[in-house]
Amino acid sequence: MKQYNLILSILLSTLLFSCTQEKKSELVQRLEEIFYNDSFATVPGTEFNVADYGAVADGKTLATEAIQKTIDAAAEAGGGKVTFPAGTYLSGALFVKSNVELNISEGAIIQAIQDNSHYPRLWTRIAGIEMKWPAALINVYDESNVRITGKGVIDGNGKYWWDKFWGDPRYTGGMWGEYKEKGIRWAVDYDCERVRPVVVWESEDVLLKDFTVKRAGFWTVSLTYSTRVHVDGVVVRNNIGGHGPSSDGINTDSSKDILVENCDIDCNDDNLCIKAGKDADGLRVNRPAENIVYRNCITRSGHGLITLGSETSGGMRNIEVYGLEAIGTNIGIRFKSAKVRGGLIENIHFHDIKMIDVANPFHFELNWYPEYSYCTIPDNIPEEEIKDRWRVLSQRVEPAEKGIPEFRNITLSNIKVEKAERAFYANAYPEKPIHDIHFKDVSVEAKESGKLTYASNWTMENVLLKTVSGKPVELENSENIEQPEIVRIEQPQPEEKKELTLDQQIRNINPNADVVIIPVNPTANQALVDGDTTEFSENIKVYILKAEDAVLSYYEPLGDGFYYTPVEVAVKNNGTTLEITGQKEHQYTFIVNHDEEPEDINEADQWEYDSDRRQINIEKKGKSFTLDIE
């Protein structure tokens, strides 16, 4: 009888899932009527072969002019299909015209030339701000009835731009290092002009189908201010030969009537993303992202299965996301914004989603990455060096309340999560909590239940949370929150290890008295060695044990904890110069072994000499600085 009931239960579950899939919303039905119509984005069948116009596919000869001539010829003839024989075509910016199909057949590769002079600077929107920026490799600019298709490859050839941004290895130089020292790390994303592989701008009736994009220099596929765009079967493989900064997969930005489906994304930032402008400039433009469906996609490496934000200023509404699967993506359903973004995000439905090995399946951070989100021009930067875009970025939102984003009326149903770290996380504002969030038929297996801060009116219908702790979701400044049904799961207990004191850790690190630098994180009770990763702490101690030159680096979380950044501690000039290089501000205490009392410590907030211990105790608050012992 038990076996019969089990079989019946499985059959009913299968039937329920099938019915859920077959019952399509009005939004889905309307978009399918547009995009599955045989007349959508049709072009004349006349073929124009790029080889006939002089394009050489040897990966060395610049083919930009020949390919553009082919596109222009097709457009002038009233439309047609531009084709590519197999081979690698080295190219700068290409502009696909109305009634033209760019058909990149299997075996054909369009590869970006690593030289910004081959990409004319155009008016566009970058990370939520309108500005001039290099054209993409493939551009659909103010056009209609365009197709980019085929099983070929668009190669962003991005390593050049990755290194330009943050050096090689990552975080060792580039513009990131230069700007970080100036206290304007937030500006590097806008000043480091990196070429995107595919951009659709102010266009309508566009089909992007079946091609692969790899090694994007910046965002991979960007759909901005556009209407009726269908992205189908696109593959993104950006983590080849390294990991580039901000290599988002498919971004819809202040566009409407968009269908993204059957895509497979591996990148180093948000895999699938919806945006709508940033801060004062985004509020000025005030264009929402609306009537959008993302469905039946797979995400792999990356920072967001599906992300709303962080550019939310124009608002988002009428969005449906379903049939997605995340495999090892570090965040699942992600909301991110900031207290200067603004925007109303509402009427969103996520359903029929699977996540495996996703550390944070539901992560809603509305005070995202403060070091990047809140732009302030330091007083020590000369007026003549301040760029116009910096003034736009740092423009204050008035009144301030207009900058507070609001997320509401969001439904999440029929979602299964396995092997997560933290089930739920939300952080909003007292003025506008994340409210009216409805979970239904959700199963989550996680180590921790999580925490909600400034949330209200959350329902949990048939939500099962299996955790090791068995604790409920922690609530802070939240009201009317239903808890999921919680089941404690047993895990084999590891052999208990005795936690060492800091003194014991330091003795273990320095058994032969030959170590120069030992940073200590008191919050984590952790003495650090070169290459360690630690949690954030307001206070950091640094022991300088010998007057010898040495360098040590460790890693701490940056932003909301999913990016890590190095902190470098250096001793130079035979122990008389101490340098800290980092992105996060800390209160540093240095304990420096020193035989004699120094005359002064340049740039120290305060210091004193302990003659009994023969140590200098130095206090300094900052991110990056140099101390000179005289």
# chains A, B, ... in the order shown; residues from 1 in each chain; ligands from 1
call {"tool": "select_by_dssp", "arguments": {"residues": "range 55-170 of chain A", "states": "strand (DSSP E or B)", "output": "VMD selection string"}}
result
chain A and resid 58 to 62 80 to 83 87 to 91 94 to 95 100 to 103 108 to 112 121 to 126 129 to 134 138 to 141 144 to 149 153 to 155
call {"tool": "closest_atom_pairs", "arguments": {"of": "range 383-487 of chain A", "to": "range 336-345 of chain A", "cutoff": "12 Å", "atoms": "only C-alpha atoms", "output": "JSON lines"}}
result
{"residue": "A:Leu393", "atom": "CA", "partner": "A:Val340", "partner_atom": "CA", "distance": 10.6}
{"residue": "A:Ser394", "atom": "CA", "partner": "A:Val340", "partner_atom": "CA", "distance": 10.1}
{"residue": "A:Gln395", "atom": "CA", "partner": "A:Val340", "partner_atom": "CA", "distance": 9.8}
{"residue": "A:Arg396", "atom": "CA", "partner": "A:Val340", "partner_atom": "CA", "distance": 7.8}
{"residue": "A:Val397", "atom": "CA", "partner": "A:Val340", "partner_atom": "CA", "distance": 6.4}
{"residue": "A:Glu398", "atom": "CA", "partner": "A:Val340", "partner_atom": "CA", "distance": 9.5}
{"residue": "A:Pro399", "atom": "CA", "partner": "A:Val340", "partner_atom": "CA", "distance": 10.2}
{"residue": "A:Ala400", "atom": "CA", "partner": "A:Val340", "partner_atom": "CA", "distance": 7.4}
{"residue": "A:Glu401", "atom": "CA", "partner": "A:Gly342", "partner_atom": "CA", "distance": 8.1}
{"residue": "A:Lys402", "atom": "CA", "partner": "A:Gly342", "partner_atom": "CA", "distance": 5.8}
{"residue": "A:Gly403", "atom": "CA", "partner": "A:Gly342", "partner_atom": "CA", "distance": 4.0}
{"residue": "A:Ile404", "atom": "CA", "partner": "A:Gly342", "partner_atom": "CA", "distance": 4.6}
{"residue": "A:Pro405", "atom": "CA", "partner": "A:Gly342", "partner_atom": "CA", "distance": 4.0}
{"residue": "A:Glu406", "atom": "CA", "partner": "A:Leu344", "partner_atom": "CA", "distance": 5.0}
{"residue": "A:Phe407", "atom": "CA", "partner": "A:Ile345", "partner_atom": "CA", "distance": 4.8}
{"residue": "A:Arg408", "atom": "CA", "partner": "A:Ile345", "partner_atom": "CA", "distance": 6.4}
{"residue": "A:Asn409", "atom": "CA", "partner": "A:Ile345", "partner_atom": "CA", "distance": 8.3}
{"residue": "A:Ile410", "atom": "CA", "partner": "A:Ile345", "partner_atom": "CA", "distance": 8.7}
{"residue": "A:Tyr425", "atom": "CA", "partner": "A:Lys336", "partner_atom": "CA", "distance": 11.6}
{"residue": "A:Ala426", "atom": "CA", "partner": "A:Lys336", "partner_atom": "CA", "distance": 9.9}
{"residue": "A:Asn427", "atom": "CA", "partner": "A:Lys336", "partner_atom": "CA", "distance": 9.6}
{"residue": "A:Ala428", "atom": "CA", "partner": "A:Ala338", "partner_atom": "CA", "distance": 8.9}
{"residue": "A:Tyr429", "atom": "CA", "partner": "A:Lys339", "partner_atom": "CA", "distance": 8.3}
{"residue": "A:Pro430", "atom": "CA", "partner": "A:Lys339", "partner_atom": "CA", "distance": 11.3}
{"residue": "A:Glu431", "atom": "CA", "partner": "A:Lys339", "partner_atom": "CA", "distance": 10.5}
{"residue": "A:Lys432", "atom": "CA", "partner": "A:Lys339", "partner_atom": "CA", "distance": 10.3}
{"residue": "A:Ile434", "atom": "CA", "partner": "A:Ile345", "partner_atom": "CA", "distance": 10.0}
{"residue": "A:His435", "atom": "CA", "partner": "A:Ile345", "partner_atom": "CA", "distance": 10.8}
{"residue": "A:Asp436", "atom": "CA", "partner": "A:Ile345", "partner_atom": "CA", "distance": 11.7}
{"residue": "A:Ile437", "atom": "CA", "partner": "A:Ile345", "partner_atom": "CA", "distance": 11.8}
call {"tool": "residues_around", "arguments": {"residues": "range 354-370 of chain A", "least_positions_apart": "5", "cutoff": "8 Å", "atoms": "only C-alpha atoms", "output": "mmCIF file with C-alpha atoms, in the first residue's frame"}}
result
data_model
loop_
_atom_site.group_PDB
_atom_site.id
_atom_site.type_symbol
_atom_site.label_atom_id
_atom_site.label_comp_id
_atom_site.auth_asym_id
_atom_site.auth_seq_id
_atom_site.Cartn_x
_atom_site.Cartn_y
_atom_site.Cartn_z
ATOM 1 C CA SER A 310 21.727 47.167 -9.484
ATOM 2 C CA GLY A 323 12.393 27.136 -16.332
ATOM 3 C CA LEU A 324 15.880 28.213 -15.239
ATOM 4 C CA GLU A 325 18.566 25.962 -13.791
ATOM 5 C CA ALA A 326 21.628 27.192 -11.903
ATOM 6 C CA ILE A 327 24.589 24.849 -11.513
ATOM 7 C CA GLY A 328 27.246 26.259 -9.188
ATOM 8 C CA THR A 329 26.281 29.897 -9.804
ATOM 9 C CA ASN A 330 27.111 31.593 -6.500
ATOM 10 C CA ILE A 331 23.819 33.520 -6.250
ATOM 11 C CA GLY A 332 20.400 32.499 -7.532
ATOM 12 C CA ILE A 333 17.553 35.026 -7.600
ATOM 13 C CA ARG A 334 19.247 38.314 -6.835
ATOM 14 C CA PHE A 335 17.999 41.851 -6.218
ATOM 15 C CA LYS A 336 20.566 44.614 -5.857
ATOM 16 C CA SER A 337 20.216 48.366 -5.640
ATOM 17 C CA ALA A 338 21.356 51.295 -3.492
ATOM 18 C CA LYS A 339 19.921 54.222 -1.560
ATOM 19 C CA PRO A 405 14.250 51.797 -4.320
ATOM 20 C CA ILE A 415 11.436 26.339 -6.798
ATOM 21 C CA LYS A 416 13.827 23.637 -5.616
ATOM 22 C CA VAL A 417 17.219 24.405 -4.070
ATOM 23 C CA GLU A 418 19.855 21.844 -3.094
ATOM 24 C CA LYS A 419 23.213 22.278 -1.335
ATOM 25 C CA ALA A 420 22.944 25.981 -0.516
ATOM 26 C CA GLU A 421 24.862 27.864 2.155
ATOM 27 C CA ARG A 422 22.311 30.492 3.248
ATOM 28 C CA ALA A 423 18.642 30.141 2.274
ATOM 29 C CA PHE A 424 17.237 33.678 2.592
ATOM 30 C CA TYR A 425 18.832 37.103 2.772
ATOM 31 C CA ALA A 426 17.194 40.515 2.448
ATOM 32 C CA ASN A 427 18.383 43.978 3.428
ATOM 33 C CA ALA A 428 16.342 47.090 2.605
ATOM 34 C CA TYR A 429 15.455 50.403 4.290
ATOM 35 C CA LEU A 558 34.316 43.436 -1.028
ATOM 36 C CA GLY A 559 30.821 44.835 -1.516
ATOM 37 C CA ASP A 560 28.150 42.367 -0.379
#
call {"tool": "closest_residue", "arguments": {"among": "A:Phe218, A:Trp123, A:Trp176, A:Phe590", "to": "Trp161 in chain A", "atoms": "only C-alpha atoms"}}
result
A:Phe218
call {"tool": "atom_distance", "arguments": {"atom1": "CA of Tyr141 in chain A", "atom2": "CA of Asn239 in chain A"}}
result
27.6 Å
call {"tool": "residues_around", "arguments": {"residues": "range 49-55 of chain A", "least_positions_apart": "6", "cutoff": "12 Å", "atoms": "only C-alpha atoms", "output": "ChimeraX atom specification"}}
result
/A:61-74,80-91,101-105,108,110
call {"tool": "write_last_selection", "arguments": {"atoms": "N, CA and C atoms", "output": "mmCIF file, in the first residue's frame"}}
result
data_model
loop_
_atom_site.group_PDB
_atom_site.id
_atom_site.type_symbol
_atom_site.label_atom_id
_atom_site.label_comp_id
_atom_site.auth_asym_id
_atom_site.auth_seq_id
_atom_site.Cartn_x
_atom_site.Cartn_y
_atom_site.Cartn_z
ATOM 1 N N THR A 61 44.471 39.356 -40.883
ATOM 2 C CA THR A 61 44.120 40.472 -41.764
ATOM 3 C C THR A 61 42.856 41.147 -41.251
ATOM 4 N N LEU A 62 42.903 42.457 -41.079
ATOM 5 C CA LEU A 62 41.745 43.175 -40.570
ATOM 6 C C LEU A 62 40.620 43.134 -41.603
ATOM 7 N N ALA A 63 39.460 42.632 -41.190
ATOM 8 C CA ALA A 63 38.356 42.407 -42.121
ATOM 9 C C ALA A 63 37.201 43.377 -41.914
ATOM 10 N N THR A 64 37.364 44.363 -41.046
ATOM 11 C CA THR A 64 36.254 45.266 -40.717
ATOM 12 C C THR A 64 35.647 45.902 -41.962
ATOM 13 N N GLU A 65 36.468 46.518 -42.786
ATOM 14 C CA GLU A 65 35.964 47.258 -43.946
ATOM 15 C C GLU A 65 35.234 46.335 -44.910
ATOM 16 N N ALA A 66 35.790 45.159 -45.163
ATOM 17 C CA ALA A 66 35.168 44.239 -46.114
ATOM 18 C C ALA A 66 33.826 43.733 -45.598
ATOM 19 N N ILE A 67 33.757 43.403 -44.298
ATOM 20 C CA ILE A 67 32.486 42.918 -43.744
ATOM 21 C C ILE A 67 31.446 44.024 -43.756
ATOM 22 N N GLN A 68 31.854 45.254 -43.405
ATOM 23 C CA GLN A 68 30.898 46.355 -43.397
ATOM 24 C C GLN A 68 30.396 46.663 -44.807
ATOM 25 N N LYS A 69 31.283 46.545 -45.795
ATOM 26 C CA LYS A 69 30.857 46.727 -47.191
ATOM 27 C C LYS A 69 29.793 45.710 -47.567
ATOM 28 N N THR A 70 29.958 44.485 -47.089
ATOM 29 C CA THR A 70 28.983 43.435 -47.378
ATOM 30 C C THR A 70 27.632 43.765 -46.742
ATOM 31 N N ILE A 71 27.669 44.189 -45.488
ATOM 32 C CA ILE A 71 26.432 44.568 -44.789
ATOM 33 C C ILE A 71 25.748 45.723 -45.506
ATOM 34 N N ASP A 72 26.518 46.733 -45.871
ATOM 35 C CA ASP A 72 25.953 47.909 -46.539
ATOM 36 C C ASP A 72 25.353 47.542 -47.892
ATOM 37 N N ALA A 73 26.026 46.637 -48.599
ATOM 38 C CA ALA A 73 25.502 46.204 -49.902
ATOM 39 C C ALA A 73 24.161 45.509 -49.740
ATOM 40 N N ALA A 74 24.045 44.665 -48.715
ATOM 41 C CA ALA A 74 22.778 43.989 -48.457
ATOM 42 C C ALA A 74 21.685 44.997 -48.109
ATOM 43 N N GLY A 80 18.949 41.407 -46.948
ATOM 44 C CA GLY A 80 19.510 40.128 -47.343
ATOM 45 C C GLY A 80 20.317 39.512 -46.224
ATOM 46 N N LYS A 81 20.935 38.361 -46.522
ATOM 47 C CA LYS A 81 21.690 37.590 -45.541
ATOM 48 C C LYS A 81 23.181 37.696 -45.840
ATOM 49 N N VAL A 82 23.937 38.169 -44.839
ATOM 50 C CA VAL A 82 25.389 38.254 -44.949
ATOM 51 C C VAL A 82 25.974 36.954 -44.403
ATOM 52 N N THR A 83 26.774 36.259 -45.222
ATOM 53 C CA THR A 83 27.303 34.953 -44.827
ATOM 54 C C THR A 83 28.824 34.972 -44.716
ATOM 55 N N PHE A 84 29.333 34.005 -43.935
ATOM 56 C CA PHE A 84 30.764 33.933 -43.636
ATOM 57 C C PHE A 84 31.282 32.527 -43.908
ATOM 58 N N PRO A 85 32.190 32.349 -44.831
ATOM 59 C CA PRO A 85 32.880 31.069 -44.922
ATOM 60 C C PRO A 85 33.665 30.798 -43.635
ATOM 61 N N ALA A 86 33.979 29.541 -43.363
ATOM 62 C CA ALA A 86 34.695 29.180 -42.138
ATOM 63 C C ALA A 86 36.029 29.902 -42.058
ATOM 64 N N GLY A 87 36.438 30.212 -40.822
ATOM 65 C CA GLY A 87 37.688 30.911 -40.591
ATOM 66 C C GLY A 87 37.512 31.978 -39.535
ATOM 67 N N THR A 88 38.607 32.651 -39.203
ATOM 68 C CA THR A 88 38.585 33.688 -38.177
ATOM 69 C C THR A 88 38.756 35.054 -38.820
ATOM 70 N N TYR A 89 37.790 35.931 -38.567
ATOM 71 C CA TYR A 89 37.768 37.275 -39.154
ATOM 72 C C TYR A 89 38.117 38.281 -38.059
ATOM 73 N N LEU A 90 39.274 38.897 -38.152
ATOM 74 C CA LEU A 90 39.682 39.920 -37.203
ATOM 75 C C LEU A 90 38.967 41.219 -37.562
ATOM 76 N N SER A 91 38.290 41.807 -36.577
ATOM 77 C CA SER A 91 37.427 42.944 -36.930
ATOM 78 C C SER A 91 37.331 43.962 -35.808
ATOM 79 N N GLU A 101 20.382 40.190 -42.195
ATOM 80 C CA GLU A 101 20.727 39.104 -41.287
ATOM 81 C C GLU A 101 22.230 38.863 -41.343
ATOM 82 N N LEU A 102 22.864 38.884 -40.186
ATOM 83 C CA LEU A 102 24.276 38.524 -40.082
ATOM 84 C C LEU A 102 24.305 37.052 -39.687
ATOM 85 N N ASN A 103 24.621 36.190 -40.618
ATOM 86 C CA ASN A 103 24.582 34.751 -40.394
ATOM 87 C C ASN A 103 26.005 34.219 -40.220
ATOM 88 N N ILE A 104 26.367 33.974 -38.969
ATOM 89 C CA ILE A 104 27.719 33.501 -38.644
ATOM 90 C C ILE A 104 27.643 31.979 -38.568
ATOM 91 N N SER A 105 27.986 31.316 -39.631
ATOM 92 C CA SER A 105 27.811 29.872 -39.714
ATOM 93 C C SER A 105 28.832 29.142 -38.858
ATOM 94 N N ALA A 108 32.813 29.660 -38.411
ATOM 95 C CA ALA A 108 33.187 31.066 -38.614
ATOM 96 C C ALA A 108 33.317 31.766 -37.258
ATOM 97 N N ILE A 110 34.086 35.685 -35.617
ATOM 98 C CA ILE A 110 34.374 37.118 -35.714
ATOM 99 C C ILE A 110 35.083 37.500 -34.427
#
call {"tool": "select_by_dssp", "arguments": {"residues": "range 108-220 of chain A", "states": "alpha helix (DSSP H)", "output": "list of chain:residue names"}}
result
A:Lys159, A:Tyr160, A:Trp161, A:Trp162, A:Asp163, A:Lys164, A:Phe165, A:Trp166, A:Gly174, A:Met175, A:Trp176, A:Gly177, A:Glu178, A:Tyr179, A:Lys180, A:Glu181, A:Lys182, A:Val188, A:Asp189, A:Tyr190, A:Asp191
call {"tool": "closest_residue", "arguments": {"among": "A:Arg125, A:Lys466, A:Lys180, A:Arg237", "to": "Ser254 in chain A", "atoms": "only C-alpha atoms"}}
result
A:Arg125
